[in-house]
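The structure file my_file_7.pdb is reproduced below (PDB, C-alpha atoms and all ligand atoms).
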```
MODEL        1
ATOM      1  CA  MET T   1     216.300 -57.635 -48.096
ATOM      2  CA  LYS T   2     215.707 -56.322 -44.524
ATOM      3  CA  THR T   3     217.110 -52.874 -43.894
ATOM      4  CA  SER T   4     218.029 -50.905 -40.806
ATOM      5  CA  VAL T   5     215.684 -48.154 -41.922
ATOM      6  CA  ALA T   6     212.425 -47.698 -40.013
ATOM      7  CA  ILE T   7     210.943 -44.937 -42.182
ATOM      8  CA  SER T   8     212.116 -44.076 -45.667
ATOM      9  CA  VAL T   9     210.854 -40.907 -47.337
ATOM     10  CA  LYS T  10     211.829 -40.569 -50.999
ATOM     11  CA  LYS T  11     211.165 -37.671 -53.352
ATOM     12  CA  VAL T  12     207.983 -36.561 -51.612
ATOM     13  CA  ASP T  13     206.298 -33.344 -52.731
ATOM     14  CA  PHE T  14     203.370 -31.898 -50.814
ATOM     15  CA  SER T  15     201.211 -28.783 -51.143
ATOM     16  CA  TYR T  16     198.244 -27.324 -49.327
ATOM     17  CA  GLY T  17     196.253 -25.920 -52.254
ATOM     18  CA  SER T  18     198.753 -23.945 -54.318
ATOM     19  CA  THR T  19     201.234 -23.522 -51.427
ATOM     20  CA  LYS T  20     204.126 -25.949 -51.706
ATOM     21  CA  ILE T  21     205.265 -27.231 -48.296
ATOM     22  CA  LEU T  22     207.626 -30.085 -49.255
ATOM     23  CA  ASP T  23     209.816 -30.241 -52.338
ATOM     24  CA  GLN T  24     211.366 -33.602 -53.237
ATOM     25  CA  VAL T  25     211.983 -34.462 -49.594
ATOM     26  CA  ASP T  26     214.308 -37.381 -48.871
ATOM     27  CA  VAL T  27     215.060 -38.759 -45.419
ATOM     28  CA  ASP T  28     215.781 -42.158 -43.863
ATOM     29  CA  ILE T  29     214.980 -42.669 -40.185
ATOM     30  CA  GLN T  30     217.136 -45.441 -38.737
ATOM     31  CA  LYS T  31     215.705 -48.186 -36.541
ATOM     32  CA  GLY T  32     216.470 -47.953 -32.830
ATOM     33  CA  GLN T  33     217.584 -44.348 -33.060
ATOM     34  CA  PHE T  34     216.289 -41.207 -31.386
ATOM     35  CA  THR T  35     215.780 -38.761 -34.246
ATOM     36  CA  VAL T  36     214.749 -35.136 -33.814
ATOM     37  CA  LEU T  37     213.228 -32.797 -36.393
ATOM     38  CA  LEU T  38     213.537 -29.053 -35.932
ATOM     39  CA  GLY T  39     212.984 -25.868 -37.894
ATOM     40  CA  ARG T  40     211.116 -22.587 -37.784
ATOM     41  CA  ASN T  41     207.382 -22.340 -37.128
ATOM     42  CA  GLY T  42     205.376 -23.271 -40.179
ATOM     43  CA  CYS T  43     208.272 -24.905 -42.072
ATOM     44  CA  GLY T  44     206.404 -28.210 -42.476
ATOM     45  CA  LYS T  45     207.452 -30.487 -39.589
ATOM     46  CA  SER T  46     203.922 -31.522 -38.564
ATOM     47  CA  THR T  47     203.036 -31.934 -42.234
ATOM     48  CA  ILE T  48     205.749 -34.585 -42.605
ATOM     49  CA  PHE T  49     204.386 -36.371 -39.532
ATOM     50  CA  GLY T  50     200.908 -36.158 -41.082
ATOM     51  CA  LEU T  51     202.181 -37.819 -44.272
ATOM     52  CA  ILE T  52     204.015 -40.539 -42.348
ATOM     53  CA  THR T  53     201.033 -41.329 -40.107
ATOM     54  CA  GLY T  54     198.448 -41.140 -42.889
ATOM     55  CA  LEU T  55     196.623 -37.999 -41.765
ATOM     56  CA  GLU T  56     197.739 -36.395 -45.031
ATOM     57  CA  GLN T  57     198.072 -38.104 -48.417
ATOM     58  CA  TYR T  58     201.109 -37.862 -50.707
ATOM     59  CA  LYS T  59     200.647 -38.007 -54.470
ATOM     60  CA  THR T  60     204.286 -38.173 -55.528
ATOM     61  CA  GLY T  61     207.266 -40.077 -54.150
ATOM     62  CA  SER T  62     207.254 -42.865 -51.617
ATOM     63  CA  ILE T  63     207.044 -43.277 -47.855
ATOM     64  CA  LYS T  64     207.960 -46.724 -46.553
ATOM     65  CA  ILE T  65     207.307 -47.778 -42.967
ATOM     66  CA  LEU T  66     209.331 -50.876 -42.063
ATOM     67  CA  ASP T  67     209.761 -51.583 -45.808
ATOM     68  CA  LYS T  68     206.036 -51.308 -46.633
ATOM     69  CA  GLU T  69     204.540 -48.468 -48.660
ATOM     70  CA  ARG T  70     202.518 -46.393 -46.202
ATOM     71  CA  LYS T  71     199.587 -45.978 -48.607
ATOM     72  CA  LYS T  72     199.144 -49.740 -48.665
ATOM     73  CA  LEU T  73     198.944 -50.069 -44.867
ATOM     74  CA  SER T  74     195.504 -50.071 -43.261
ATOM     75  CA  PHE T  75     194.703 -47.812 -40.325
ATOM     76  CA  ALA T  76     194.836 -50.856 -38.001
ATOM     77  CA  GLN T  77     198.250 -51.906 -39.373
ATOM     78  CA  CYS T  78     199.587 -48.357 -38.979
ATOM     79  CA  SER T  79     198.392 -48.116 -35.384
ATOM     80  CA  LYS T  80     200.243 -51.304 -34.465
ATOM     81  CA  ILE T  81     203.484 -50.143 -36.097
ATOM     82  CA  MET T  82     203.376 -46.459 -35.111
ATOM     83  CA  GLY T  83     202.333 -44.559 -32.025
ATOM     84  CA  PHE T  84     201.675 -40.881 -32.631
ATOM     85  CA  MET T  85     201.271 -37.983 -30.228
ATOM     86  CA  PRO T  86     199.962 -34.928 -32.076
ATOM     87  CA  GLN T  87     200.788 -31.371 -31.073
ATOM     88  CA  SER T  88     197.462 -30.617 -29.429
ATOM     89  CA  HIS T  89     194.858 -32.757 -27.766
ATOM     90  CA  LYS T  90     191.632 -31.532 -26.267
ATOM     91  CA  PRO T  91     190.320 -33.133 -23.085
ATOM     92  CA  ILE T  92     186.558 -33.616 -23.383
ATOM     93  CA  PHE T  93     185.372 -35.930 -20.607
ATOM     94  CA  PRO T  94     186.742 -36.025 -17.054
ATOM     95  CA  PHE T  95     188.203 -39.532 -17.398
ATOM     96  CA  LYS T  96     190.829 -40.569 -14.882
ATOM     97  CA  VAL T  97     194.411 -40.385 -16.110
ATOM     98  CA  LYS T  98     194.829 -44.168 -15.991
ATOM     99  CA  GLU T  99     191.689 -44.582 -18.139
ATOM    100  CA  VAL T 100     192.961 -42.103 -20.716
ATOM    101  CA  VAL T 101     196.295 -43.941 -20.938
ATOM    102  CA  LEU T 102     194.466 -47.279 -21.178
ATOM    103  CA  THR T 103     192.763 -46.105 -24.380
ATOM    104  CA  GLY T 104     196.242 -46.412 -25.941
ATOM    105  CA  ARG T 105     195.773 -50.191 -25.620
ATOM    106  CA  ALA T 106     192.434 -50.148 -27.495
ATOM    107  CA  ALA T 107     193.924 -51.409 -30.771
ATOM    108  CA  PHE T 108     195.041 -54.547 -28.907
ATOM    109  CA  SER T 109     192.420 -55.140 -26.260
ATOM    110  CA  GLY T 110     189.262 -53.611 -27.755
ATOM    111  CA  PHE T 111     186.813 -52.808 -24.981
ATOM    112  CA  SER T 112     188.100 -55.508 -22.621
ATOM    113  CA  PRO T 113     191.459 -54.433 -21.226
ATOM    114  CA  SER T 114     193.315 -57.190 -19.389
ATOM    115  CA  ALA T 115     195.198 -57.022 -16.096
ATOM    116  CA  ALA T 116     198.386 -56.922 -18.193
ATOM    117  CA  ASP T 117     197.073 -53.835 -20.055
ATOM    118  CA  LYS T 118     196.368 -52.093 -16.735
ATOM    119  CA  LYS T 119     199.825 -53.024 -15.441
ATOM    120  CA  LEU T 120     201.400 -51.505 -18.563
ATOM    121  CA  VAL T 121     199.503 -48.276 -17.924
ATOM    122  CA  LEU T 122     200.806 -47.956 -14.362
ATOM    123  CA  GLU T 123     204.353 -48.814 -15.511
ATOM    124  CA  ALA T 124     204.249 -46.104 -18.200
ATOM    125  CA  LEU T 125     203.009 -43.535 -15.675
ATOM    126  CA  GLU T 126     205.846 -44.497 -13.304
ATOM    127  CA  GLU T 127     208.393 -44.394 -16.148
ATOM    128  CA  LEU T 128     207.402 -40.772 -16.777
ATOM    129  CA  GLY T 129     207.352 -39.878 -13.076
ATOM    130  CA  ILE T 130     203.600 -39.246 -12.928
ATOM    131  CA  GLY T 131     202.331 -42.343 -11.095
ATOM    132  CA  HIS T 132     200.783 -39.996  -8.527
ATOM    133  CA  LEU T 133     198.387 -38.649 -11.174
ATOM    134  CA  ALA T 134     196.820 -42.048 -12.030
ATOM    135  CA  ASP T 135     193.464 -41.393 -10.333
ATOM    136  CA  ARG T 136     193.157 -37.674 -11.085
ATOM    137  CA  PRO T 137     190.657 -36.485 -13.725
ATOM    138  CA  TYR T 138     192.627 -35.819 -16.907
ATOM    139  CA  SER T 139     190.686 -32.625 -17.631
ATOM    140  CA  ASP T 140     191.832 -31.113 -14.291
ATOM    141  CA  LEU T 141     195.554 -31.469 -15.072
ATOM    142  CA  SER T 142     197.914 -28.678 -16.114
ATOM    143  CA  GLY T 143     199.055 -28.472 -19.749
ATOM    144  CA  GLY T 144     202.412 -30.091 -18.918
ATOM    145  CA  GLU T 145     200.791 -32.891 -16.899
ATOM    146  CA  GLN T 146     198.383 -33.603 -19.766
ATOM    147  CA  GLN T 147     201.321 -33.742 -22.140
ATOM    148  CA  LEU T 148     203.065 -36.345 -19.972
ATOM    149  CA  VAL T 149     199.846 -38.400 -19.889
ATOM    150  CA  MET T 150     199.651 -38.293 -23.703
ATOM    151  CA  ILE T 151     203.259 -39.503 -23.951
ATOM    152  CA  ALA T 152     202.386 -42.379 -21.579
ATOM    153  CA  ARG T 153     199.372 -43.179 -23.792
ATOM    154  CA  VAL T 154     201.664 -43.597 -26.803
ATOM    155  CA  MET T 155     204.174 -45.626 -24.787
ATOM    156  CA  VAL T 156     201.591 -48.251 -23.743
ATOM    157  CA  GLN T 157     200.878 -49.018 -27.380
ATOM    158  CA  GLN T 158     204.439 -50.415 -27.406
ATOM    159  CA  PRO T 159     204.805 -49.825 -31.143
ATOM    160  CA  PRO T 160     208.222 -50.256 -32.759
ATOM    161  CA  ILE T 161     208.042 -46.623 -33.921
ATOM    162  CA  ILE T 162     206.894 -43.576 -31.947
ATOM    163  CA  LEU T 163     206.320 -40.101 -33.391
ATOM    164  CA  LEU T 164     205.943 -37.215 -30.952
ATOM    165  CA  ASP T 165     205.024 -33.722 -32.101
ATOM    166  CA  GLU T 166     206.695 -31.406 -29.564
ATOM    167  CA  PRO T 167     206.828 -33.750 -26.547
ATOM    168  CA  THR T 168     208.525 -31.188 -24.279
ATOM    169  CA  ASN T 169     206.893 -27.877 -25.209
ATOM    170  CA  HIS T 170     204.771 -27.519 -22.043
ATOM    171  CA  LEU T 171     207.254 -29.094 -19.636
ATOM    172  CA  ASP T 172     209.468 -27.556 -16.980
ATOM    173  CA  VAL T 173     213.212 -28.234 -17.129
ATOM    174  CA  TYR T 174     212.891 -31.186 -14.735
ATOM    175  CA  TYR T 175     210.274 -32.952 -16.856
ATOM    176  CA  GLN T 176     211.973 -31.973 -20.128
ATOM    177  CA  THR T 177     215.038 -33.860 -18.916
ATOM    178  CA  TYR T 178     212.897 -36.702 -17.538
ATOM    179  CA  VAL T 179     211.085 -37.184 -20.857
ATOM    180  CA  MET T 180     214.230 -36.935 -22.975
ATOM    181  CA  GLN T 181     216.005 -39.490 -20.766
ATOM    182  CA  SER T 182     212.994 -41.755 -20.944
ATOM    183  CA  LEU T 183     212.862 -41.528 -24.762
ATOM    184  CA  ARG T 184     216.611 -42.160 -24.855
ATOM    185  CA  ARG T 185     216.138 -45.343 -22.768
ATOM    186  CA  MET T 186     213.340 -46.513 -25.091
ATOM    187  CA  CYS T 187     215.671 -46.186 -28.086
ATOM    188  CA  ASP T 188     218.456 -47.961 -26.221
ATOM    189  CA  LYS T 189     216.010 -50.886 -25.859
ATOM    190  CA  GLY T 190     215.417 -50.905 -29.645
ATOM    191  CA  MET T 191     212.463 -48.569 -30.165
ATOM    192  CA  THR T 192     212.578 -45.937 -32.914
ATOM    193  CA  VAL T 193     211.593 -42.465 -31.719
ATOM    194  CA  ILE T 194     211.121 -39.359 -33.856
ATOM    195  CA  ALA T 195     210.336 -36.113 -32.087
ATOM    196  CA  ILE T 196     209.587 -32.658 -33.413
ATOM    197  CA  MET T 197     211.309 -30.153 -31.143
ATOM    198  CA  HIS T 198     212.035 -26.455 -30.893
ATOM    199  CA  ASP T 199     215.038 -26.336 -28.544
ATOM    200  CA  PRO T 200     218.185 -27.306 -30.477
ATOM    201  CA  ASN T 201     220.251 -27.733 -27.294
ATOM    202  CA  LEU T 202     217.781 -30.075 -25.614
ATOM    203  CA  ALA T 203     217.327 -32.007 -28.857
ATOM    204  CA  LEU T 204     221.041 -32.328 -29.626
ATOM    205  CA  SER T 205     221.838 -33.380 -26.045
ATOM    206  CA  TYR T 206     219.814 -36.586 -26.278
ATOM    207  CA  ALA T 207     219.221 -37.453 -29.925
ATOM    208  CA  ASP T 208     221.274 -39.752 -32.147
ATOM    209  CA  LYS T 209     220.331 -37.834 -35.243
ATOM    210  CA  ALA T 210     219.067 -34.313 -35.906
ATOM    211  CA  TYR T 211     217.343 -32.997 -39.016
ATOM    212  CA  PHE T 212     216.329 -29.425 -39.685
ATOM    213  CA  MET T 213     213.744 -28.191 -42.180
ATOM    214  CA  LYS T 214     214.218 -25.123 -44.337
ATOM    215  CA  ASP T 215     212.835 -24.014 -47.693
ATOM    216  CA  ARG T 216     210.690 -27.139 -48.137
ATOM    217  CA  LYS T 217     213.657 -29.502 -47.648
ATOM    218  CA  ILE T 218     215.060 -31.615 -44.809
ATOM    219  CA  LEU T 219     218.727 -31.059 -43.953
ATOM    220  CA  ASP T 220     221.050 -33.327 -41.974
ATOM    221  CA  PHE T 221     222.721 -31.411 -39.114
ATOM    222  CA  GLU T 222     225.877 -33.558 -39.395
ATOM    223  CA  GLN T 223     226.234 -33.056 -43.124
ATOM    224  CA  THR T 224     225.855 -29.330 -43.215
ATOM    225  CA  GLU T 225     227.833 -27.502 -45.848
ATOM    226  CA  SER T 226     227.944 -24.399 -43.632
ATOM    227  CA  SER T 227     231.339 -23.443 -42.244
ATOM    228  CA  ASN T 228     230.259 -24.651 -38.798
ATOM    229  CA  GLN T 229     227.154 -25.684 -36.932
ATOM    230  CA  ALA T 230     226.516 -22.242 -35.425
ATOM    231  CA  ALA T 231     226.457 -20.867 -38.981
ATOM    232  CA  PHE T 232     224.092 -23.674 -39.973
ATOM    233  CA  LEU T 233     221.721 -22.737 -37.126
ATOM    234  CA  GLU T 234     221.915 -19.109 -38.220
ATOM    235  CA  TYR T 235     220.867 -20.218 -41.707
ATOM    236  CA  ILE T 236     217.929 -22.205 -40.246
ATOM    237  CA  TYR T 237     216.669 -19.656 -37.714
ATOM    238  CA  ASN T 238     217.823 -16.367 -39.309
ATOM    239  CA  ILE T 239     219.617 -15.191 -36.164
ATOM    240  CA  PRO T 240     223.331 -15.470 -35.277
ATOM    241  CA  PHE T 241     224.434 -18.082 -32.720
ATOM    242  CA  ASN T 242     227.444 -18.515 -30.452
ATOM    243  CA  GLU T 243     228.855 -22.011 -29.998
ATOM    244  CA  ILE T 244     229.598 -22.639 -26.308
ATOM    245  CA  PRO T 245     231.737 -25.685 -25.431
ATOM    246  CA  ASN T 246     230.389 -27.587 -22.432
ATOM    247  CA  SER T 247     231.741 -30.944 -21.151
ATOM    248  CA  GLY T 248     232.872 -32.154 -24.579
ATOM    249  CA  LYS T 249     229.628 -31.045 -26.279
ATOM    250  CA  SER T 250     228.578 -27.779 -27.836
ATOM    251  CA  TYR T 251     225.666 -25.572 -26.890
ATOM    252  CA  TYR T 252     224.288 -22.977 -29.232
ATOM    253  CA  LEU T 253     222.947 -19.722 -27.859
ATOM    254  CA  PRO T 254     221.532 -16.811 -29.835
ATOM    255  CA  LYS T 255     224.088 -13.990 -29.876
ATOM    256  CA  ASN T 256     223.211 -11.124 -27.584
ATOM    257  CA  ASP T 257     225.641  -8.316 -28.239
ATOM    258  CA  LYS T 258     223.800  -5.706 -26.148
TER     259      LYS T 258
HETATM  260  N1  LIG I 301     195.379 -28.046 -43.282
HETATM  261  C1  LIG I 301     196.094 -27.032 -43.761
HETATM  262  N2  LIG I 301     195.671 -26.280 -44.771
HETATM  263  C2  LIG I 301     196.399 -25.269 -45.279
HETATM  264  N3  LIG I 301     197.623 -24.929 -44.820
HETATM  265  C3  LIG I 301     198.114 -25.655 -43.803
HETATM  266  C4  LIG I 301     197.385 -26.722 -43.215
HETATM  267  N4  LIG I 301     198.137 -27.267 -42.214
HETATM  268  C5  LIG I 301     199.277 -26.535 -42.179
HETATM  269  N5  LIG I 301     199.267 -25.579 -43.138
HETATM  270  C6  LIG I 301     200.347 -24.625 -43.420
HETATM  271  O1  LIG I 301     201.470 -25.382 -43.849
HETATM  272  C7  LIG I 301     202.671 -24.836 -43.314
HETATM  273  C8  LIG I 301     203.412 -25.938 -42.544
HETATM  274  O2  LIG I 301     202.638 -26.257 -41.383
HETATM  275  P1  LIG I 301     203.171 -27.287 -40.310
HETATM  276  O3  LIG I 301     202.106 -27.414 -39.274
HETATM  277  O4  LIG I 301     203.633 -28.519 -40.990
HETATM  278  O5  LIG I 301     204.441 -26.506 -39.740
HETATM  279  P2  LIG I 301     205.355 -26.824 -38.482
HETATM  280  O6  LIG I 301     206.766 -26.788 -38.962
HETATM  281  O7  LIG I 301     204.906 -28.079 -37.818
HETATM  282  O8  LIG I 301     205.060 -25.548 -37.576
HETATM  283  P3  LIG I 301     205.118 -25.308 -35.976
HETATM  284  O9  LIG I 301     206.547 -25.406 -35.562
HETATM  285  O10 LIG I 301     204.605 -23.903 -35.861
HETATM  286  O11 LIG I 301     204.212 -26.311 -35.313
HETATM  287  C9  LIG I 301     202.266 -23.648 -42.469
HETATM  288  O12 LIG I 301     202.451 -22.485 -43.233
HETATM  289  C10 LIG I 301     200.797 -23.871 -42.198
HETATM  290  O13 LIG I 301     200.107 -22.639 -42.081
ENDMDL
END
```

Can you give me the file's structure in the form of structure tokens?
Amino acid sequence: MKTSVAISVKKVDFSYGSTKILDQVDVDIQKGQFTVLLGRNGCGKSTIFGLITGLEQYKTGSIKILDKERKKLSFAQCSKIMGFMPQSHKPIFPFKVKEVVLTGRAAFSGFSPSAADKKLVLEALEELGIGHLADRPYSDLSGGEQQLVMIARVMVQQPPIILLDEPTNHLDVYYQTYVMQSLRRMCDKGMTVIAIMHDPNLALSYADKAYFMKDRKILDFEQTESSNQAAFLEYIYNIPFNEIPNSGKSYYLPKNDK
């Protein structure tokens, strides 16, 4: 039976050596939704992405990508289903931006990119508001510009599922908004996007679904058993928050009683 679930994680444990990072983690990522994953530094967010993308191996439990057990998918199959932007990427050669983005098409076009591949590259750069960078050497760009190029590189793969590890961490407020709106539009067209983020307000403003990690588990922001969501955020981040109503939504700011 076909489901509406893009990624299903069931009862997954994971340790680095003797240090347990995930304990019986369960989460279902819905197709066509913009899902965000937050939590304190070192809580295990990138580790979950590593298990989903195959960079790390799970020994217990199950991870299904579009109904297929991830362990049984080849690298080539995974790269057609999932696009992944890791947290850090080191520029080595001074390739032009458009050439770097074109490498995102490699799984489809090999070493002979077509005119259609090149058109996709320029469209992705325009979609992210960085068309003007197309001919610049990638290694000369600022950290934020490089990050936008890496997002474009994932977009041109046109996979049904995209995983982004901190897509907005180097961006100014303008580009943070630009990227979040762009990811929102991609989900509205049917793509599944999962992003690791650190700013709860930015994440909650655009996402359909928010999960937070704490104590080796994943918790659903909507199904918190805390008395309210500010209390839930206090539990996650170990600092008190104020809930600030704003145009029918809530913002959460750390309390500053000074
Ligand atoms: N290859 C590794 N070997 C040993 N420990 C690791 C390894 N990778 C990560 N860890 C540890 O596992 C824990 C979870 O790391 P992970 O990168 O998943 O956290 P994170 O939630 O993504 O953190 P951040 O928000 O800081 O990026 C951390 O304590 C980290 O030090």

Sorted by chain and rising residue number, which residues of segment 163-236 of chain T lie within 12 Å of segment 52-73 of chain T, and what are their closest atom pairs and distances in Å to one decimal, counting all atoms listed in the file, as CSV?
```
residue,atom,partner,partner_atom,distance
T:Leu163,CA,T:Thr53,CA,8.6
T:Leu164,CA,T:Thr53,CA,11.2
T:Asp165,CA,T:Thr53,CA,11.7
T:Thr192,CA,T:Leu66,CA,10.9
T:Ile194,CA,T:Ile52,CA,11.1
```

- What is the distance, in Å and to one decimal place, between atom CA of Gly104 of chain T and atom CA of Met155 of chain T? 8.1 Å

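Excluding Asp257 of chain T and any residue on its chain fewer than 4 positions from it, the residues at most 12 Å away by only C-alpha atoms are Pro240, Phe241, Asn242 and Leu253 of chain T.
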
Using only C-alpha atoms and all ligand atoms, determine which residues fall within 8 Å of ligand LIG 301 (chain I), then list them as an mmCIF file with C-alpha atoms, in the coordinates of the input.
```
data_model
loop_
_atom_site.group_PDB
_atom_site.id
_atom_site.type_symbol
_atom_site.label_atom_id
_atom_site.label_comp_id
_atom_site.auth_asym_id
_atom_site.auth_seq_id
_atom_site.Cartn_x
_atom_site.Cartn_y
_atom_site.Cartn_z
ATOM 1 C CA TYR T 16 198.244 -27.324 -49.327
ATOM 2 C CA GLY T 17 196.253 -25.920 -52.254
ATOM 3 C CA THR T 19 201.234 -23.522 -51.427
ATOM 4 C CA ILE T 21 205.265 -27.231 -48.296
ATOM 5 C CA LEU T 38 213.537 -29.053 -35.932
ATOM 6 C CA GLY T 39 212.984 -25.868 -37.894
ATOM 7 C CA ARG T 40 211.116 -22.587 -37.784
ATOM 8 C CA ASN T 41 207.382 -22.340 -37.128
ATOM 9 C CA GLY T 42 205.376 -23.271 -40.179
ATOM 10 C CA CYS T 43 208.272 -24.905 -42.072
ATOM 11 C CA GLY T 44 206.404 -28.210 -42.476
ATOM 12 C CA LYS T 45 207.452 -30.487 -39.589
ATOM 13 C CA SER T 46 203.922 -31.522 -38.564
ATOM 14 C CA THR T 47 203.036 -31.934 -42.234
ATOM 15 C CA ILE T 48 205.749 -34.585 -42.605
ATOM 16 C CA GLN T 87 200.788 -31.371 -31.073
ATOM 17 C CA ILE T 196 209.587 -32.658 -33.413
ATOM 18 C CA HIS T 198 212.035 -26.455 -30.893
ATOM 19 C CA MET T 213 213.744 -28.191 -42.180
#
```

- Task: Carefully work through the PyMOL selection byres (((chain T and resi 226-239) around 12) and not hetatm) for this structure and note down the residues it includes, as a ChimeraX atom specification.
- Result: /T:38-41,43,198-201,204,210-225,240-245,250-256

Restrict the selected residues to C-alpha atoms and save them as a JSON list (two decimals), in the coordinates of the input.
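File again.json, as written:
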```
[["chain", "number", "residue", "atom", "x", "y", "z"],
["T", 38, "LEU", "CA", 213.54, -29.05, -35.93],
["T", 39, "GLY", "CA", 212.98, -25.87, -37.89],
["T", 40, "ARG", "CA", 211.12, -22.59, -37.78],
["T", 41, "ASN", "CA", 207.38, -22.34, -37.13],
["T", 43, "CYS", "CA", 208.27, -24.90, -42.07],
["T", 198, "HIS", "CA", 212.04, -26.46, -30.89],
["T", 199, "ASP", "CA", 215.04, -26.34, -28.54],
["T", 200, "PRO", "CA", 218.18, -27.31, -30.48],
["T", 201, "ASN", "CA", 220.25, -27.73, -27.29],
["T", 204, "LEU", "CA", 221.04, -32.33, -29.63],
["T", 210, "ALA", "CA", 219.07, -34.31, -35.91],
["T", 211, "TYR", "CA", 217.34, -33.00, -39.02],
["T", 212, "PHE", "CA", 216.33, -29.42, -39.68],
["T", 213, "MET", "CA", 213.74, -28.19, -42.18],
["T", 214, "LYS", "CA", 214.22, -25.12, -44.34],
["T", 215, "ASP", "CA", 212.84, -24.01, -47.69],
["T", 216, "ARG", "CA", 210.69, -27.14, -48.14],
["T", 217, "LYS", "CA", 213.66, -29.50, -47.65],
["T", 218, "ILE", "CA", 215.06, -31.62, -44.81],
["T", 219, "LEU", "CA", 218.73, -31.06, -43.95],
["T", 220, "ASP", "CA", 221.05, -33.33, -41.97],
["T", 221, "PHE", "CA", 222.72, -31.41, -39.11],
["T", 222, "GLU", "CA", 225.88, -33.56, -39.40],
["T", 223, "GLN", "CA", 226.23, -33.06, -43.12],
["T", 224, "THR", "CA", 225.86, -29.33, -43.22],
["T", 225, "GLU", "CA", 227.83, -27.50, -45.85],
["T", 240, "PRO", "CA", 223.33, -15.47, -35.28],
["T", 241, "PHE", "CA", 224.43, -18.08, -32.72],
["T", 242, "ASN", "CA", 227.44, -18.52, -30.45],
["T", 243, "GLU", "CA", 228.86, -22.01, -30.00],
["T", 244, "ILE", "CA", 229.60, -22.64, -26.31],
["T", 245, "PRO", "CA", 231.74, -25.68, -25.43],
["T", 250, "SER", "CA", 228.58, -27.78, -27.84],
["T", 251, "TYR", "CA", 225.67, -25.57, -26.89],
["T", 252, "TYR", "CA", 224.29, -22.98, -29.23],
["T", 253, "LEU", "CA", 222.95, -19.72, -27.86],
["T", 254, "PRO", "CA", 221.53, -16.81, -29.84],
["T", 255, "LYS", "CA", 224.09, -13.99, -29.88],
["T", 256, "ASN", "CA", 223.21, -11.12, -27.58]]
```

- Using only C-alpha atoms, which residue out of T:Arg184, T:Lys31, T:His132, T:Lys80 lies closest to Lys98 of chain T? T:His132

- Picked residues, the PyMOL selection byres (((chain T and resi 118-121) around 10) and not hetatm), expected as a count of residues only: 28
